[in-house]
Every structure is written in C-alpha cells, then in structure tokens.
Amino acid sequence: MGQFQLAAELRDETGKGANRRLRRSGYIPGVIYGSGNENQNLQVDEGLVARLLREGGGNRLITLKLDGEDRAVLIQELQEHPVRGTPLHIDFLEVRLDEVVNVTVPIHIIGEAERTQDGGVVAPALWEVEISCLPMDIPDGLEIDISGLLVGESLQVKDLELVPGITLLTDPEETVVSVVQPMELEEEDTEEEDVDEAEDAVDGDDDEAEETEEADE
C-alpha cells in the first residue's frame, strides 16, 4: 500500500496527564481521522516515528498498522516542543488511494557540478512546493536542473521537472534558485544576521524558563 509502514496502538486515556505519562514511556499521542471514519486516539513509538521522518516519510503515503488493519495515511500535523524540538502529538489523515491529495514535497537542486564556473554562487530561494496527485504518486521531491544557469539568472517553479500525474499548486512564477555574485550573497547574510541578533536579544531571557516547563497540549 505504500513504501513506508508504521505500527500504532489504540489508546483510551486522554488529557495532559495521560499524554505526559505516555511521552515519558517513549510514545507519542496521536489521532487518526478522515475518509469518513470516526476519529480514533492512538499512540506510536517515538523511535519509529523519528526513523520514518529521517527516511523521508513525513510527506509520503504511510501504511499505518492499527488494530489489525492497514490504513493508508499521511502525516497531517506533527506538533513539536518549542524548545527541545521533541514530538508532542501527531495527526494522521486517512486517505483514499483513488482520490487526489494536496501535499508539500522538497525541491532537489541538480546540475551544480556541471554549471559553468563563472564565479557565481548558487542561492536557493525556495525549498519545497505544494502539489496535487494521487497518494501512490507522491514523489520523494521534484528536481530542478541548474547546469545551464549563469550569474544573474534564476529559475522559477514552472521550471521544475514534473512527472505525469502531478499538478503544481505553488505560484509558477515564484523563484526557486538564482546564481548571484558573492558580494550580493554576503550583503544578504549580513542583513539576516542583524535580524537574528535582534530576535536573540528579545527571546534570550525566556529560553531558560521554557526549558523547565512541560509543553501544553
């Protein structure tokens, strides 16, 4: 039913206290909904979820093994702790294999090694795009070839290499990647650093307190 598989168990206890105990035991609370079925509370092993995400299953079709059944699902939402980055709750959307879905997939830049050495620096501007397709047709990502790109030139979403059955939902005129002079890139980095330093100054006093608090559901 899909390249990725994940085992889950139904759970009866809900609420903050139950969820905290669940996380301490190495599980993530979650819910499955969609496809005309009632919502069901479940739990999944945190280690298995982490491995699935590392292997690229975050936006791919997943066979969820639950209560003796195989359910075709997508990860609809993964809530994470704002400080530690650990998963707090996961939502699965059950889908029909014969109905199109909207998902976000990464962009893979190729051809950089073949590009003319003109002193330019490759500057990605967009890392992912939204597409529409059947669940079984969700790709690992979409490629864009920059082998012919020169300084001052850029490629847009419409230049992505598509496969049959996929429809782009992101603005086709949005810039994906450019080749710029090194000086242009340095000026942009300096501006971003100034913004980051300002944000750090505001948020710094709160970090220590946040690390000692339990996450709210």
# chains A, B, ... in the order shown; residues from 1 in each chain; ligands from 1
>>> closest_atom_pairs(of="region 30-65 of chain A", to="region 92-95 of chain A", cutoff="12 Å", atoms="only C-alpha atoms", output="CSV")
residue,atom,partner,partner_atom,distance
A:Gly30,CA,A:Phe92,CA,7.6
A:Val31,CA,A:Phe92,CA,6.2
A:Ile32,CA,A:Phe92,CA,4.6
A:Tyr33,CA,A:Leu93,CA,5.4
A:Gly34,CA,A:Glu94,CA,4.9
A:Ser35,CA,A:Glu94,CA,5.6
A:Gly36,CA,A:Glu94,CA,8.9
A:Asn37,CA,A:Glu94,CA,8.6
A:Glu38,CA,A:Glu94,CA,10.7
A:Asn39,CA,A:Leu93,CA,9.9
A:Gln40,CA,A:Phe92,CA,9.9
A:Asn41,CA,A:Phe92,CA,10.2
A:Leu42,CA,A:Phe92,CA,9.8
A:Gln43,CA,A:Phe92,CA,11.1
A:Val44,CA,A:Phe92,CA,11.1
A:Gly58,CA,A:Phe92,CA,10.7
A:Asn59,CA,A:Phe92,CA,11.1
A:Arg60,CA,A:Leu93,CA,11.6
A:Leu61,CA,A:Val95,CA,9.0
A:Ile62,CA,A:Phe92,CA,9.4
A:Thr63,CA,A:Glu94,CA,9.8
A:Leu64,CA,A:Phe92,CA,9.0
>>> residues_around(residues="Val157 (chain A)", least_positions_apart="5", cutoff="10 Å", atoms="only C-alpha atoms", output="list in words")
Ile107, Leu126, Glu128, Val129, Ile144, Leu168, Leu169, Thr170, Asp171, Pro172, Glu173, Glu174, Thr175, Val176 and Val177 of chain A
>>> select_by_dssp(residues="region 1-206 of chain A", states="helix (DSSP H, G or I)", output="ChimeraX atom specification")
/A:16-24,46-54,57-59,135-137,157-159,182-206
>>> write_last_selection(atoms="N, CA and C atoms", output="short mmCIF file (atom, residue, chain, number, x, y, z; two decimals), in the first residue's frame")
data_model
loop_
_atom_site.label_atom_id
_atom_site.label_comp_id
_atom_site.auth_asym_id
_atom_site.auth_seq_id
_atom_site.Cartn_x
_atom_site.Cartn_y
_atom_site.Cartn_z
N LYS A 16 -3.89 15.91 29.51
CA LYS A 16 -2.50 16.31 29.72
C LYS A 16 -1.71 15.28 30.54
N GLY A 17 -2.28 14.85 31.64
CA GLY A 17 -1.57 13.92 32.50
C GLY A 17 -1.27 12.61 31.80
N ALA A 18 -2.27 12.07 31.12
CA ALA A 18 -2.08 10.81 30.41
C ALA A 18 -1.06 10.96 29.29
N ASN A 19 -1.11 12.07 28.59
CA ASN A 19 -0.17 12.28 27.49
C ASN A 19 1.27 12.43 27.98
N ARG A 20 1.44 13.08 29.12
CA ARG A 20 2.78 13.23 29.68
C ARG A 20 3.36 11.88 30.10
N ARG A 21 2.51 11.06 30.70
CA ARG A 21 2.97 9.72 31.09
C ARG A 21 3.33 8.90 29.85
N LEU A 22 2.55 9.08 28.81
CA LEU A 22 2.79 8.35 27.56
C LEU A 22 4.14 8.75 26.96
N ARG A 23 4.43 10.03 26.97
CA ARG A 23 5.69 10.50 26.40
C ARG A 23 6.88 10.01 27.23
N ARG A 24 6.71 10.00 28.53
CA ARG A 24 7.80 9.52 29.39
C ARG A 24 8.11 8.04 29.13
N GLU A 46 7.98 6.61 19.66
CA GLU A 46 8.71 7.81 19.26
C GLU A 46 9.92 7.47 18.38
N GLY A 47 10.62 6.37 18.70
CA GLY A 47 11.77 5.98 17.91
C GLY A 47 11.42 5.61 16.49
N LEU A 48 10.28 4.92 16.32
CA LEU A 48 9.85 4.54 14.97
C LEU A 48 9.46 5.77 14.15
N VAL A 49 8.81 6.73 14.80
CA VAL A 49 8.43 7.96 14.11
C VAL A 49 9.68 8.73 13.68
N ALA A 50 10.67 8.81 14.57
CA ALA A 50 11.91 9.52 14.25
C ALA A 50 12.60 8.88 13.05
N ARG A 51 12.64 7.55 13.01
CA ARG A 51 13.27 6.87 11.88
C ARG A 51 12.50 7.11 10.59
N LEU A 52 11.18 7.06 10.65
CA LEU A 52 10.36 7.31 9.47
C LEU A 52 10.60 8.70 8.91
N LEU A 53 10.71 9.69 9.80
CA LEU A 53 10.94 11.07 9.36
C LEU A 53 12.33 11.21 8.74
N ARG A 54 13.33 10.54 9.32
CA ARG A 54 14.68 10.60 8.75
C ARG A 54 14.72 10.00 7.35
N GLY A 57 9.61 9.99 5.27
CA GLY A 57 8.20 9.64 5.30
C GLY A 57 7.27 10.73 5.77
N GLY A 58 7.81 11.90 6.07
CA GLY A 58 6.98 12.97 6.61
C GLY A 58 5.91 13.46 5.67
N ASN A 59 6.14 13.34 4.35
CA ASN A 59 5.13 13.80 3.39
C ASN A 59 4.77 12.72 2.38
N PRO A 135 -2.31 9.59 -3.88
CA PRO A 135 -1.40 9.24 -2.79
C PRO A 135 -0.24 8.34 -3.20
N MET A 136 -0.49 7.38 -4.09
CA MET A 136 0.57 6.47 -4.51
C MET A 136 1.60 7.14 -5.41
N ASP A 137 1.26 8.33 -5.94
CA ASP A 137 2.16 9.03 -6.86
C ASP A 137 2.98 10.12 -6.19
N VAL A 157 9.39 28.16 -10.28
CA VAL A 157 8.65 26.93 -10.01
C VAL A 157 8.24 26.24 -11.31
N LYS A 158 7.89 27.02 -12.32
CA LYS A 158 7.48 26.45 -13.60
C LYS A 158 8.60 25.68 -14.29
N ASP A 159 9.85 25.84 -13.83
CA ASP A 159 10.99 25.14 -14.43
C ASP A 159 11.27 23.79 -13.74
N PRO A 182 29.16 36.73 -5.39
CA PRO A 182 29.42 36.51 -3.96
C PRO A 182 29.13 37.72 -3.09
N MET A 183 29.39 38.94 -3.58
CA MET A 183 29.16 40.15 -2.80
C MET A 183 27.67 40.30 -2.47
N GLU A 184 26.78 39.96 -3.43
CA GLU A 184 25.35 40.06 -3.19
C GLU A 184 24.93 39.14 -2.06
N LEU A 185 25.49 37.95 -2.04
CA LEU A 185 25.14 36.97 -1.03
C LEU A 185 25.62 37.41 0.35
N GLU A 186 26.83 38.01 0.41
CA GLU A 186 27.37 38.47 1.68
C GLU A 186 26.51 39.57 2.28
N GLU A 187 26.03 40.49 1.42
CA GLU A 187 25.18 41.57 1.91
C GLU A 187 23.88 41.02 2.48
N GLU A 188 23.31 39.99 1.82
CA GLU A 188 22.07 39.39 2.29
C GLU A 188 22.27 38.69 3.62
N ASP A 189 23.41 37.97 3.77
CA ASP A 189 23.70 37.27 5.01
C ASP A 189 23.85 38.24 6.17
N THR A 190 24.47 39.39 5.92
CA THR A 190 24.66 40.38 6.96
C THR A 190 23.33 40.90 7.48
N GLU A 191 22.38 41.13 6.56
CA GLU A 191 21.07 41.60 6.97
C GLU A 191 20.37 40.56 7.82
N GLU A 192 20.47 39.27 7.43
CA GLU A 192 19.82 38.21 8.19
C GLU A 192 20.43 38.08 9.58
N GLU A 193 21.77 38.24 9.68
CA GLU A 193 22.42 38.16 10.98
C GLU A 193 21.95 39.26 11.91
N ASP A 194 21.75 40.46 11.36
CA ASP A 194 21.27 41.57 12.18
C ASP A 194 19.89 41.25 12.75
N VAL A 195 19.01 40.65 11.92
CA VAL A 195 17.68 40.29 12.38
C VAL A 195 17.76 39.21 13.45
N ASP A 196 18.62 38.19 13.21
CA ASP A 196 18.76 37.10 14.18
C ASP A 196 19.24 37.61 15.52
N GLU A 197 20.22 38.54 15.51
CA GLU A 197 20.76 39.07 16.76
C GLU A 197 19.68 39.82 17.54
N ALA A 198 18.83 40.55 16.81
CA ALA A 198 17.76 41.29 17.47
C ALA A 198 16.76 40.34 18.11
N GLU A 199 16.44 39.23 17.38
CA GLU A 199 15.49 38.26 17.93
C GLU A 199 16.08 37.55 19.14
N ASP A 200 17.38 37.23 19.08
CA ASP A 200 18.03 36.56 20.20
C ASP A 200 17.97 37.42 21.46
N ALA A 201 18.15 38.72 21.28
CA ALA A 201 18.15 39.62 22.42
C ALA A 201 16.78 39.65 23.10
N VAL A 202 15.71 39.52 22.28
CA VAL A 202 14.37 39.55 22.84
C VAL A 202 14.02 38.23 23.50
N ASP A 203 14.41 37.09 22.83
CA ASP A 203 13.99 35.77 23.30
C ASP A 203 14.91 35.18 24.36
N GLY A 204 16.11 35.72 24.51
CA GLY A 204 17.09 35.09 25.38
C GLY A 204 16.64 34.91 26.80
N ASP A 205 15.92 35.89 27.34
CA ASP A 205 15.51 35.82 28.74
C ASP A 205 14.48 34.72 28.98
N ASP A 206 13.78 34.28 27.92
CA ASP A 206 12.71 33.31 28.10
C ASP A 206 13.17 31.87 27.93
#
>>> residues_around(residues="Val121 (chain A)", least_positions_apart="3", cutoff="9 Å", atoms="only C-alpha atoms", output="mmCIF file with N, CA and C atoms, in the first residue's frame")
data_model
loop_
_atom_site.group_PDB
_atom_site.id
_atom_site.type_symbol
_atom_site.label_atom_id
_atom_site.label_comp_id
_atom_site.auth_asym_id
_atom_site.auth_seq_id
_atom_site.Cartn_x
_atom_site.Cartn_y
_atom_site.Cartn_z
ATOM 1 N N ASP A 118 31.697 30.526 -13.367
ATOM 2 C CA ASP A 118 31.752 31.954 -13.675
ATOM 3 C C ASP A 118 31.908 32.806 -12.422
ATOM 4 N N VAL A 151 25.485 33.657 -13.886
ATOM 5 C CA VAL A 151 25.335 34.742 -12.917
ATOM 6 C C VAL A 151 24.243 35.705 -13.375
ATOM 7 N N SER A 178 18.665 31.056 -7.705
ATOM 8 C CA SER A 178 19.362 32.052 -8.521
ATOM 9 C C SER A 178 20.864 31.821 -8.428
ATOM 10 N N VAL A 179 21.589 32.411 -9.373
ATOM 11 C CA VAL A 179 23.049 32.459 -9.288
ATOM 12 C C VAL A 179 23.434 33.921 -9.157
ATOM 13 N N VAL A 180 24.131 34.260 -8.067
ATOM 14 C CA VAL A 180 24.447 35.654 -7.776
ATOM 15 C C VAL A 180 25.946 35.832 -7.575
ATOM 16 N N GLN A 181 26.371 37.091 -7.606
ATOM 17 C CA GLN A 181 27.749 37.412 -7.293
ATOM 18 C C GLN A 181 27.982 37.200 -5.800
ATOM 19 N N PRO A 182 29.155 36.727 -5.385
ATOM 20 C CA PRO A 182 29.422 36.508 -3.958
ATOM 21 C C PRO A 182 29.130 37.718 -3.088
ATOM 22 N N LEU A 185 25.492 37.946 -2.042
ATOM 23 C CA LEU A 185 25.142 36.968 -1.026
ATOM 24 C C LEU A 185 25.623 37.408 0.351
#
>>> select_by_dssp(residues="region 35-178 of chain A", states="strand (DSSP E or B)", output="ChimeraX atom specification")
/A:37-45,62-66,69-80,87-94,101-110,121-124,128-133,142-145,154-156,161,167-168,175-178
>>> closest_residue(among="A:Asp140, A:Pro87, A:Ala72, A:Leu10", to="Gly26 (chain A)", atoms="only C-alpha atoms")
A:Pro87
>>> closest_residue(among="A:Glu130, A:Glu99, A:Ala8, A:Glu161", to="Glu69 (chain A)", atoms="only C-alpha atoms")
A:Ala8
